[in-house]
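> For reference, this is structure-v1.cif, and it has mmCIF, C-alpha atoms and all ligand atoms.
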data_run
loop_
_atom_site.label_atom_id
_atom_site.label_comp_id
_atom_site.auth_asym_id
_atom_site.auth_seq_id
_atom_site.Cartn_x
_atom_site.Cartn_y
_atom_site.Cartn_z
CA MET A 1 -11.45 -25.15 2.48
CA SER A 2 -12.55 -23.21 -0.67
CA LEU A 3 -10.87 -22.06 -3.86
CA ALA A 4 -12.65 -18.73 -3.46
CA GLY A 5 -10.84 -18.38 -0.14
CA TYR A 6 -7.48 -18.68 -1.92
CA GLY A 7 -8.55 -15.83 -4.18
CA LYS A 8 -9.92 -13.66 -1.38
CA ILE A 9 -6.81 -14.09 0.81
CA ILE A 10 -4.56 -12.36 -1.74
CA ARG A 11 -6.80 -9.24 -1.34
CA PRO A 12 -7.24 -8.90 -5.11
CA MET A 13 -8.30 -5.24 -4.94
CA ASN A 14 -5.12 -4.12 -3.14
CA ALA A 15 -2.90 -6.45 -5.16
CA GLY A 16 -4.58 -5.45 -8.41
CA VAL A 17 -4.38 -1.71 -7.72
CA SER A 18 -0.76 -2.13 -6.63
CA GLY A 19 -0.07 -3.88 -9.94
CA ILE A 20 -1.84 -1.17 -11.96
CA THR A 21 0.25 1.40 -10.05
CA ALA A 22 3.42 -0.28 -11.35
CA GLY A 23 2.12 -0.03 -14.91
CA ILE A 24 1.22 3.65 -14.46
CA ALA A 25 4.70 4.31 -13.02
CA TYR A 26 6.32 2.64 -16.05
CA PHE A 27 4.47 4.92 -18.48
CA ILE A 28 5.08 8.03 -16.32
CA ALA A 29 8.81 7.22 -16.53
CA SER A 30 8.39 7.31 -20.35
CA GLY A 31 8.04 3.57 -20.84
CA THR A 32 6.40 2.68 -24.17
CA GLN A 33 5.96 -1.12 -24.21
CA PRO A 34 2.52 -2.33 -23.01
CA LEU A 35 3.92 -5.86 -22.62
CA PHE A 36 6.51 -4.57 -20.15
CA ALA A 37 3.75 -2.77 -18.24
CA ALA A 38 1.80 -6.05 -18.14
CA LEU A 39 4.88 -7.86 -16.80
CA LEU A 40 5.27 -5.27 -14.04
CA PHE A 41 1.57 -5.53 -13.23
CA PHE A 42 1.88 -9.32 -12.92
CA ILE A 43 4.99 -9.23 -10.71
CA VAL A 44 3.50 -6.72 -8.26
CA LEU A 45 0.14 -8.54 -8.31
CA VAL A 46 1.67 -11.87 -7.22
CA ILE A 47 4.28 -10.50 -4.80
CA CYS A 48 1.79 -8.14 -3.16
CA GLY A 49 -0.75 -10.99 -3.07
CA ALA A 50 1.82 -13.26 -1.47
CA GLY A 51 2.54 -10.58 1.13
CA ASN A 52 -1.14 -10.31 1.92
CA VAL A 53 -1.44 -14.10 2.27
CA LEU A 54 1.59 -14.36 4.56
CA ASN A 55 0.33 -11.42 6.59
CA ASP A 56 -2.88 -13.30 7.31
CA VAL A 57 -0.93 -16.43 8.32
CA PHE A 58 1.00 -14.56 11.01
CA ASP A 59 -2.08 -12.53 11.99
CA LYS A 60 -4.43 -15.49 12.38
CA GLU A 61 -4.81 -14.97 16.17
CA ILE A 62 -5.23 -11.19 15.78
CA ASP A 63 -7.72 -11.62 12.94
CA LYS A 64 -9.84 -13.99 15.05
CA VAL A 65 -10.70 -10.83 17.04
CA ASN A 66 -10.38 -8.05 14.46
CA ARG A 67 -11.38 -9.76 11.20
CA PRO A 68 -13.09 -13.13 11.89
CA ASP A 69 -14.52 -13.10 8.36
CA ARG A 70 -11.07 -13.38 6.77
CA PRO A 71 -10.21 -16.69 4.98
CA ILE A 72 -8.01 -18.24 7.72
CA PRO A 73 -10.10 -17.45 10.86
CA SER A 74 -13.26 -18.36 8.93
CA GLY A 75 -11.77 -21.75 7.93
CA ALA A 76 -11.91 -21.12 4.16
CA VAL A 77 -8.11 -21.49 3.99
CA THR A 78 -5.86 -23.53 6.30
CA PRO A 79 -2.69 -21.87 7.67
CA ARG A 80 -0.57 -24.56 6.03
CA GLY A 81 -2.34 -24.10 2.70
CA ALA A 82 -1.82 -20.36 2.96
CA VAL A 83 1.93 -20.77 3.57
CA VAL A 84 2.24 -22.98 0.47
CA TRP A 85 0.14 -20.49 -1.55
CA ALA A 86 2.30 -17.54 -0.41
CA GLY A 87 5.52 -19.43 -1.23
CA PHE A 88 4.23 -20.29 -4.69
CA LEU A 89 3.21 -16.68 -5.40
CA PHE A 90 6.52 -15.28 -4.15
CA GLY A 91 8.38 -17.80 -6.34
CA VAL A 92 6.37 -16.93 -9.44
CA GLY A 93 6.93 -13.22 -8.78
CA ILE A 94 10.71 -13.59 -8.43
CA ILE A 95 10.96 -15.80 -11.53
CA ALA A 96 8.94 -13.22 -13.50
CA GLY A 97 11.24 -10.55 -12.06
CA CYS A 98 14.16 -12.27 -13.82
CA PHE A 99 12.65 -11.03 -17.11
CA THR A 100 12.95 -7.37 -16.04
CA ASN A 101 16.34 -5.81 -15.22
CA PHE A 102 18.86 -5.67 -12.37
CA TRP A 103 17.09 -2.77 -10.62
CA CYS A 104 13.58 -4.22 -10.77
CA LEU A 105 14.72 -7.68 -9.75
CA GLY A 106 16.59 -6.10 -6.85
CA ILE A 107 13.45 -4.31 -5.66
CA ALA A 108 11.39 -7.47 -6.06
CA LEU A 109 13.88 -9.44 -3.92
CA VAL A 110 14.14 -6.69 -1.28
CA ASN A 111 10.36 -6.29 -1.10
CA THR A 112 9.79 -10.05 -0.90
CA THR A 113 12.24 -10.22 2.00
CA LEU A 114 10.66 -7.20 3.70
CA LEU A 115 7.16 -8.62 3.33
CA VAL A 116 8.25 -11.81 5.10
CA ILE A 117 10.08 -9.91 7.87
CA TYR A 118 7.13 -7.51 8.21
CA ALA A 119 4.62 -10.31 8.69
CA ALA A 120 6.87 -12.21 11.12
CA LYS A 121 8.47 -9.37 13.08
CA PHE A 122 8.12 -5.72 12.08
CA LYS A 123 4.33 -5.59 12.30
CA GLY A 124 4.63 -6.01 16.07
CA ILE A 125 7.18 -3.21 16.47
CA PRO A 126 5.73 0.28 16.98
CA LEU A 127 6.02 2.45 13.84
CA LEU A 128 8.56 0.11 12.13
CA GLY A 129 5.73 -1.97 10.68
CA ASN A 130 3.93 1.13 9.44
CA LEU A 131 7.12 2.48 7.83
CA SER A 132 7.65 -0.89 6.12
CA VAL A 133 4.22 -0.91 4.47
CA ALA A 134 4.60 2.76 3.54
CA TYR A 135 7.93 1.98 1.83
CA LEU A 136 6.42 -1.08 0.09
CA SER A 137 3.57 1.00 -1.33
CA GLY A 138 5.86 3.83 -2.42
CA SER A 139 8.39 1.40 -3.89
CA ILE A 140 5.87 0.40 -6.55
CA PHE A 141 6.58 3.71 -8.32
CA LEU A 142 10.35 3.12 -8.14
CA PHE A 143 9.82 -0.45 -9.40
CA GLY A 144 7.82 0.70 -12.41
CA GLY A 145 10.22 3.53 -13.23
CA PHE A 146 13.37 1.42 -12.93
CA LEU A 147 12.28 -0.81 -15.83
CA VAL A 148 12.89 2.27 -17.99
CA GLY A 149 16.18 2.85 -16.15
CA PRO A 150 17.75 4.24 -12.94
CA GLU A 151 17.59 7.72 -14.45
CA SER A 152 13.84 7.64 -13.71
CA PHE A 153 14.57 7.80 -9.96
CA LEU A 154 14.24 11.60 -9.63
CA VAL A 155 11.02 11.62 -11.66
CA MET A 156 9.47 8.90 -9.47
CA LEU A 157 10.72 10.31 -6.14
CA PRO A 158 7.79 12.74 -5.59
CA LEU A 159 5.31 9.95 -6.36
CA PHE A 160 7.19 7.69 -3.93
CA ALA A 161 6.93 10.41 -1.25
CA ILE A 162 3.21 11.03 -1.84
CA THR A 163 2.48 7.31 -1.56
CA PHE A 164 4.85 6.77 1.37
CA PHE A 165 3.29 9.46 3.57
CA GLY A 166 -0.29 8.74 2.47
CA THR A 167 0.10 5.03 3.24
CA LEU A 168 1.91 5.75 6.53
CA ALA A 169 -1.03 7.86 7.71
CA ARG A 170 -3.54 5.16 6.79
CA GLU A 171 -1.48 2.36 8.38
CA LEU A 172 -1.36 4.25 11.68
CA LEU A 173 -5.13 4.77 11.63
CA LYS A 174 -5.65 1.08 10.81
CA ASP A 175 -3.53 0.14 13.82
CA ALA A 176 -5.62 2.52 15.95
CA GLU A 177 -8.72 0.59 14.83
CA ASP A 178 -7.06 -2.75 15.71
CA ILE A 179 -5.72 -1.94 19.21
CA GLU A 180 -7.80 -4.64 20.95
CA GLY A 181 -6.97 -7.47 18.56
CA ASP A 182 -3.33 -6.45 18.25
CA ARG A 183 -3.02 -6.46 22.07
CA ILE A 184 -4.46 -10.00 22.25
CA GLY A 185 -2.18 -11.10 19.44
CA GLY A 186 0.85 -9.76 21.25
CA ALA A 187 1.62 -7.00 18.76
CA ARG A 188 2.92 -3.69 20.13
CA THR A 189 1.77 -0.76 18.00
CA LEU A 190 2.18 2.99 18.26
CA PRO A 191 -1.55 3.62 18.87
CA MET A 192 -1.31 1.37 21.94
CA ARG A 193 1.15 3.91 23.37
CA ILE A 194 -0.25 7.24 22.16
CA GLY A 195 -3.97 6.40 21.87
CA VAL A 196 -6.45 6.94 19.07
CA ARG A 197 -6.42 10.75 19.29
CA GLY A 198 -2.60 10.97 19.31
CA THR A 199 -2.46 8.62 16.33
CA ALA A 200 -4.97 10.78 14.45
CA VAL A 201 -2.76 13.85 15.04
CA LEU A 202 0.22 11.98 13.55
CA ALA A 203 -1.92 10.80 10.63
CA VAL A 204 -2.95 14.39 9.86
CA ILE A 205 0.71 15.48 9.90
CA PHE A 206 1.73 12.68 7.50
CA VAL A 207 -1.24 13.32 5.21
CA LEU A 208 -0.23 16.99 5.02
CA CYS A 209 3.29 15.86 4.03
CA ALA A 210 1.74 13.71 1.26
CA VAL A 211 -0.37 16.68 0.12
CA LEU A 212 2.69 18.94 -0.05
CA PHE A 213 4.53 16.42 -2.23
CA SER A 214 1.39 15.98 -4.36
CA PHE A 215 1.91 19.53 -5.72
CA VAL A 216 5.34 18.68 -7.20
CA PRO A 217 3.97 16.90 -10.35
CA PHE A 218 2.21 20.20 -11.20
CA LEU A 219 5.58 21.20 -12.71
CA THR A 220 5.16 18.40 -15.27
CA TRP A 221 1.41 17.97 -15.67
CA GLY A 222 0.22 21.59 -15.31
CA ILE A 223 -2.90 23.32 -14.01
CA VAL A 224 -5.42 20.55 -14.83
CA TYR A 225 -3.45 18.19 -12.58
CA LEU A 226 -3.34 20.83 -9.82
CA VAL A 227 -7.14 21.23 -9.86
CA LEU A 228 -7.81 17.46 -9.90
CA ILE A 229 -5.26 16.54 -7.21
CA GLY A 230 -6.45 19.53 -5.17
CA VAL A 231 -9.94 18.00 -4.98
CA VAL A 232 -8.47 14.62 -4.00
CA ASP A 233 -6.18 16.25 -1.43
CA ALA A 234 -9.11 18.14 0.11
CA PHE A 235 -11.09 14.90 0.44
CA ILE A 236 -8.13 13.06 2.00
CA ILE A 237 -7.42 15.90 4.45
CA LEU A 238 -11.09 16.13 5.51
CA VAL A 239 -11.36 12.38 6.02
CA THR A 240 -8.19 12.28 8.11
CA ILE A 241 -9.09 15.35 10.18
CA ARG A 242 -12.38 13.63 11.00
CA ALA A 243 -10.36 10.97 12.85
CA LEU A 244 -9.29 13.67 15.34
CA GLY A 245 -12.80 13.54 16.78
CA PHE A 246 -12.49 9.98 18.08
CA THR A 247 -10.91 8.57 21.26
CA ARG A 248 -11.95 4.89 21.01
CA PRO A 249 -10.98 2.23 18.40
CA ASP A 250 -14.60 1.24 17.78
CA GLU A 251 -15.57 4.87 17.04
CA LEU A 252 -12.75 5.10 14.50
CA SER A 253 -13.74 1.77 12.91
CA ALA A 254 -17.40 2.80 12.68
CA SER A 255 -16.43 6.05 10.91
CA ASN A 256 -14.85 4.13 7.98
CA CYS A 257 -12.13 6.79 7.86
CA THR A 258 -9.52 4.26 6.72
CA ALA A 259 -11.80 2.98 3.96
CA TYR A 260 -12.50 6.52 2.71
CA LEU A 261 -8.76 7.25 2.93
CA LYS A 262 -8.06 4.23 0.72
CA TYR A 263 -10.62 5.43 -1.83
CA GLY A 264 -8.95 8.85 -1.78
CA MET A 265 -5.61 7.16 -2.43
CA PHE A 266 -7.13 5.25 -5.34
CA ALA A 267 -8.57 8.53 -6.67
CA ALA A 268 -5.06 10.02 -6.59
CA LEU A 269 -3.77 7.06 -8.61
CA PHE A 270 -6.59 7.66 -11.11
CA VAL A 271 -5.50 11.31 -11.45
CA PHE A 272 -1.92 10.14 -12.19
CA LEU A 273 -3.31 7.73 -14.80
CA LEU A 274 -5.46 10.46 -16.39
CA MET A 275 -2.50 12.83 -16.57
CA GLU A 276 -0.31 10.18 -18.20
CA ILE A 277 -3.00 9.26 -20.73
CA SER A 278 -3.53 12.93 -21.63
CA ALA A 279 0.24 13.48 -21.91
CA VAL A 280 0.55 10.55 -24.34
CA PHE A 281 -2.61 10.95 -26.43
CA LEU A 282 -3.52 14.67 -26.27
C1 LIG B 301 -2.38 12.95 -0.37
C2 LIG B 301 -2.41 11.95 -1.47
C3 LIG B 301 -2.63 12.44 -2.85
C4 LIG B 301 -2.23 10.62 -1.19
C5 LIG B 301 -2.31 9.55 -2.19
C6 LIG B 301 -1.21 8.51 -2.00
C7 LIG B 301 -1.27 7.38 -3.01
C8 LIG B 301 -1.13 7.69 -4.43
C9 LIG B 301 -1.47 6.12 -2.54
C10 LIG B 301 -1.54 4.91 -3.40
C11 LIG B 301 -1.12 3.70 -2.54
C12 LIG B 301 -1.20 2.40 -3.28
C13 LIG B 301 -0.15 2.10 -4.28
C14 LIG B 301 -2.21 1.58 -2.94
C15 LIG B 301 -2.33 0.24 -3.54
C16 LIG B 301 -3.10 -0.76 -2.70
C17 LIG B 301 -2.90 -0.62 -1.20
C18 LIG B 301 -4.03 -0.12 -0.41
C19 LIG B 301 -1.71 -0.92 -0.62
C20 LIG B 301 -1.41 -0.82 0.88
O1 LIG B 301 -2.08 -1.92 1.52
C21 LIG B 301 -1.68 -2.17 2.85
C22 LIG B 301 -2.89 -2.10 3.73
O2 LIG B 301 -2.54 -2.32 5.07
C23 LIG B 301 -3.93 -3.12 3.33
O3 LIG B 301 -4.99 -2.96 4.23
P1 LIG B 301 -6.49 -3.07 3.72
O4 LIG B 301 -6.66 -2.11 2.59
O5 LIG B 301 -7.34 -2.72 4.91
O6 LIG B 301 -6.67 -4.51 3.29
C1 LIG B 302 7.15 -3.44 -5.96
C2 LIG B 302 7.02 -4.90 -5.68
C3 LIG B 302 7.77 -5.87 -6.54
C4 LIG B 302 6.26 -5.36 -4.66
C5 LIG B 302 5.60 -4.49 -3.63
C6 LIG B 302 4.15 -4.80 -3.56
C7 LIG B 302 3.51 -4.36 -2.30
C8 LIG B 302 3.63 -5.26 -1.14
C9 LIG B 302 2.83 -3.18 -2.20
C10 LIG B 302 1.81 -2.64 -1.28
C11 LIG B 302 1.99 -2.76 0.25
C12 LIG B 302 1.20 -3.95 0.77
C13 LIG B 302 -0.10 -4.28 0.13
C14 LIG B 302 1.69 -4.71 1.78
C15 LIG B 302 1.07 -6.00 2.18
C16 LIG B 302 1.26 -6.30 3.70
C17 LIG B 302 0.01 -5.93 4.50
C18 LIG B 302 -1.25 -6.65 4.24
C19 LIG B 302 0.07 -5.00 5.40
C20 LIG B 302 -1.04 -4.68 6.32
O1 LIG B 302 -1.14 -5.71 7.24
P1 LIG B 302 -1.75 -5.46 8.69
O2 LIG B 302 -1.05 -4.37 9.40
O3 LIG B 302 -1.81 -6.79 9.34
O4 LIG B 302 -3.20 -4.92 8.44
P2 LIG B 302 -4.46 -5.77 7.98
O5 LIG B 302 -5.50 -5.65 9.06
O6 LIG B 302 -4.89 -5.12 6.68
O7 LIG B 302 -4.01 -7.20 7.80
MG MG B 303 -2.93 -8.37 9.03
#
Show the structure stored in the file as structure tokens.
Ligand SMILES: CC(C)=CCC/C(C)=C/CC/C(C)=C/CC/C(C)=C/COC[C@H](O)COP(=O)(O)O
Ligand SMILES: CC(C)=CCC/C(C)=C/CC/C(C)=C/CC/C(C)=C/COP(=O)(O)OP(=O)(O)O
Ligand SMILES: [Mg+2]

Amino acid sequence: MSLAGYGKIIRPMNAGVSGITAGIAYFIASGTQPLFAALLFFIVLVICGAGNVLNDVFDKEIDKVNRPDRPIPSGAVTPRGAVVWAGFLFGVGIIAGCFTNFWCLGIALVNTTLLVIYAAKFKGIPLLGNLSVAYLSGSIFLFGGFLVGPESFLVMLPLFAITFFGTLARELLKDAEDIEGDRIGGARTLPMRIGVRGTAVLAVIFVLCAVLFSFVPFLTWGIVYLVLIGVVDAFIILVTIRALGFTRPDELSASNCTAYLKYGMFAALFVFLLMEISAVFL
């Protein structure tokens, strides 16, 4: 057992970027209090981290095949220790959520419940697991906006849609990479039914939906945003179209398409941040 393992198992990059996303959403919704943004960052960091930990607990058999280097299959963290760690993080996140408002606390409770159900059940149900993670990612924008108030919903909706469809595409491609391990672990995923190529076609369709929604914020942020997000969109489309050329999970894994797609998603978040900074300071 290692303390580093308890840090690694929360997937600090994903949890940290998810937390930063909540802060960006708060300022996009016209929030002005940095302390509130920090509170949102912290809540998403610990709840997302808890979800990642619990995911690895339920995936320990699958990860022995797909990701043997992860903390639980590698022995750095025991399953029991991970369950306690996830419970602690969820508890801290919900308690911190009590210092927000009714809407944010509601989302925190719903997302905590969904993360548990996803790890235990939905992940093994074709498409339902993917839709759950896509909603969870998109909900970060709603969560950040709702601290300003429910009137932010329409402003955050396009950002929710961009994130929902972008994450949905990536989740499907990740499942296409993991077909062998998921089959051993007893999970039933959409790529098992439609194959790698069919999954890539769906991923391209969902990425194109995300790209279409990514043009909506042009109405607020103007031509500079359109140029920057256009470059990011082009990268994301090219990376996803590349997946069409593969028919086997190992080919798709070796291409690093899902990693590049994540970097493209992070680049999109950076464009949102840049636009918000320029709107406030320039
Ligand atoms: C077309 C376009 C502009 C798309 C961009 C969509 C967008 C802004 C996505 C941001 C998504 C987001 C909030 C990401 C935060 C961190 C993250 C990757 C969350 C989802 O993680 C679930 C995933 O299954 C974790 O897997 P892995 O990364 O392999 O550990
Ligand atoms: C808005 C609030 C309060 C919380 C939401 C915070 C979250 C969870 C946002 C992002 C979505 C996310 C990171 C979900 C975590 C669950 C997860 C790790 C899904 C992927 O699991 P698998 O399908 O097993 O794939 P892996 O191979 O990566 O384990
Ligand atoms: Mg997993």
> Might you pull out every residue within 6 Å of stretch 198-206 of chain A, with only C-alpha atoms counted and same-chain residues fewer than 2 positions away left off, and present them as a ChimeraX atom specification?
/A:165,169,191,194-196,208-209,240,243-244
> Give me a file of those residues, with C-alpha atoms, as an mmCIF file, in the coordinates of the input.

data_model
loop_
_atom_site.group_PDB
_atom_site.id
_atom_site.type_symbol
_atom_site.label_atom_id
_atom_site.label_comp_id
_atom_site.auth_asym_id
_atom_site.auth_seq_id
_atom_site.Cartn_x
_atom_site.Cartn_y
_atom_site.Cartn_z
ATOM 1 C CA PHE A 165 3.290 9.460 3.570
ATOM 2 C CA ALA A 169 -1.030 7.860 7.710
ATOM 3 C CA PRO A 191 -1.550 3.620 18.870
ATOM 4 C CA ILE A 194 -0.250 7.240 22.160
ATOM 5 C CA GLY A 195 -3.970 6.400 21.870
ATOM 6 C CA VAL A 196 -6.450 6.940 19.070
ATOM 7 C CA LEU A 208 -0.230 16.990 5.020
ATOM 8 C CA CYS A 209 3.290 15.860 4.030
ATOM 9 C CA THR A 240 -8.190 12.280 8.110
ATOM 10 C CA ALA A 243 -10.360 10.970 12.850
ATOM 11 C CA LEU A 244 -9.290 13.670 15.340
#
> Up to 10 Å from (-7.5, 0.1, -5.2) in the file's coordinates: name the residues, counting all atoms listed in the file, as a short mmCIF file (atom, residue, chain, number, x, y, z; two decimals) with C-alpha atoms, in the frame of the given file.

data_model
loop_
_atom_site.label_atom_id
_atom_site.label_comp_id
_atom_site.auth_asym_id
_atom_site.auth_seq_id
_atom_site.Cartn_x
_atom_site.Cartn_y
_atom_site.Cartn_z
CA PRO A 12 -7.24 -8.90 -5.11
CA MET A 13 -8.30 -5.24 -4.94
CA ASN A 14 -5.12 -4.12 -3.14
CA ALA A 15 -2.90 -6.45 -5.16
CA GLY A 16 -4.58 -5.45 -8.41
CA VAL A 17 -4.38 -1.71 -7.72
CA SER A 18 -0.76 -2.13 -6.63
CA GLY A 19 -0.07 -3.88 -9.94
CA ILE A 20 -1.84 -1.17 -11.96
CA THR A 21 0.25 1.40 -10.05
CA LYS A 262 -8.06 4.23 0.72
CA TYR A 263 -10.62 5.43 -1.83
CA GLY A 264 -8.95 8.85 -1.78
CA MET A 265 -5.61 7.16 -2.43
CA PHE A 266 -7.13 5.25 -5.34
CA ALA A 267 -8.57 8.53 -6.67
CA LEU A 269 -3.77 7.06 -8.61
CA PHE A 270 -6.59 7.66 -11.11
#
> Identify the residues within 10 Å of coordinate (-0.9, -16.1, 7.9) (same frame as the file), considering only C-alpha atoms, and give the answer as a list in words.
Ile9, Gly51, Asn52, Val53, Leu54, Asn55, Asp56, Val57, Phe58, Asp59, Lys60, Glu61, Asp63, Pro71, Ile72, Pro73, Val77, Thr78, Pro79, Arg80, Gly81, Ala82, Val83, Ala86, Ala119 and Ala120 of chain A
> At a cut-off of 7 Å around ligand LIG 302 (chain B), and using all atoms listed in the file, what residues come up? Please write them as number ranges by chain.
A: 14-15, 18, 43-44, 47-48, 51-52, 55-56, 59, 107-108, 111-112, 115, 123, 133-134, 136-137, 139-140, 143, 171, 174-175
> Would you give the centre and edge lengths, in Å to one decimal, of a box along x, y and z around the listed atoms of ligand LIG 301 (chain B), with 6 Å added to each side, as JSON?

{"center_x": -3.7, "center_y": 4.2, "center_z": 0.3, "size_x": 19.2, "size_y": 29.5, "size_z": 21.5}
> With distances taken over only C-alpha atoms and all ligand atoms, which of A:Ser30, A:Tyr6, A:Phe122, A:Leu109 is nearest to ligand MG 303 (chain B)?
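That would be A:Phe122, the residue with the smallest distance to ligand MG 303 (chain B).
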> When distances are computed from all atoms listed in the file, which of A:Ala4, A:Ile62, A:Leu168, A:Leu274 shows the smallest separation from ligand MG 303 (chain B)?
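Ranked by minimum distance to ligand MG 303 (chain B), first place goes to A:Ile62.
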> When you count only C-alpha atoms, which of these residues is closest to A:Phe99: A:Asn256, A:Leu35, A:Met192, A:Ile277?
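Selected residue with least distance to A:Phe99: A:Leu35.
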> Rank A:Phe41, A:Trp221, A:Trp103, A:Tyr118 by their smallest atom-to-atom distance to ligand MG 303 (chain B), using only C-alpha atoms and all ligand atoms, and report the top residue only.
A:Tyr118
> Using all atoms listed in the file, which of A:Gly129, A:Gly245, A:Gly97, A:Pro217 sits nearest A:Glu276?
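The closest residue to A:Glu276 is A:Pro217.
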> Generate all heavy atoms for stretch 2-8 of chain A and emit them as a tab-separated table (two decimals), keeping the file's coordinate frame.

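Result file follows (result_9.tsv):
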chain	number	residue	atom	x	y	z
A	2	SER	N	-11.88	-23.59	0.59
A	2	SER	CA	-12.55	-23.21	-0.67
A	2	SER	C	-11.57	-22.48	-1.59
A	2	SER	O	-10.71	-21.72	-1.12
A	2	SER	CB	-13.72	-22.28	-0.36
A	2	SER	OG	-13.23	-20.98	-0.05
A	3	LEU	N	-11.72	-22.75	-2.89
A	3	LEU	CA	-10.87	-22.06	-3.86
A	3	LEU	C	-11.09	-20.55	-3.80
A	3	LEU	O	-10.14	-19.77	-3.93
A	3	LEU	CB	-11.15	-22.59	-5.28
A	3	LEU	CG	-10.47	-23.91	-5.65
A	3	LEU	CD1	-10.81	-24.29	-7.09
A	3	LEU	CD2	-8.95	-23.82	-5.47
A	4	ALA	N	-12.35	-20.16	-3.55
A	4	ALA	CA	-12.65	-18.73	-3.46
A	4	ALA	C	-11.83	-18.09	-2.34
A	4	ALA	O	-11.36	-16.96	-2.44
A	4	ALA	CB	-14.14	-18.52	-3.21
A	5	GLY	N	-11.63	-18.89	-1.27
A	5	GLY	CA	-10.84	-18.38	-0.14
A	5	GLY	C	-9.41	-18.07	-0.54
A	5	GLY	O	-8.82	-17.09	-0.07
A	6	TYR	N	-8.86	-18.91	-1.44
A	6	TYR	CA	-7.48	-18.68	-1.92
A	6	TYR	C	-7.40	-17.44	-2.82
A	6	TYR	O	-6.35	-16.83	-2.96
A	6	TYR	CB	-6.96	-19.93	-2.65
A	6	TYR	CG	-6.53	-21.02	-1.69
A	6	TYR	CD1	-7.45	-21.94	-1.20
A	6	TYR	CD2	-5.22	-21.10	-1.23
A	6	TYR	CE1	-7.08	-22.91	-0.29
A	6	TYR	CE2	-4.84	-22.08	-0.33
A	6	TYR	CZ	-5.77	-22.97	0.14
A	6	TYR	OH	-5.39	-23.93	1.05
A	7	GLY	N	-8.52	-17.08	-3.41
A	7	GLY	CA	-8.55	-15.83	-4.18
A	7	GLY	C	-8.72	-14.65	-3.27
A	7	GLY	O	-8.02	-13.64	-3.39
A	8	LYS	N	-9.63	-14.79	-2.30
A	8	LYS	CA	-9.92	-13.66	-1.38
A	8	LYS	C	-8.71	-13.31	-0.53
A	8	LYS	O	-8.45	-12.15	-0.25
A	8	LYS	CB	-11.10	-14.04	-0.49
A	8	LYS	CG	-11.52	-12.92	0.48
A	8	LYS	CD	-12.68	-13.35	1.36
A	8	LYS	CE	-13.06	-12.26	2.37
A	8	LYS	NZ	-14.12	-12.71	3.31
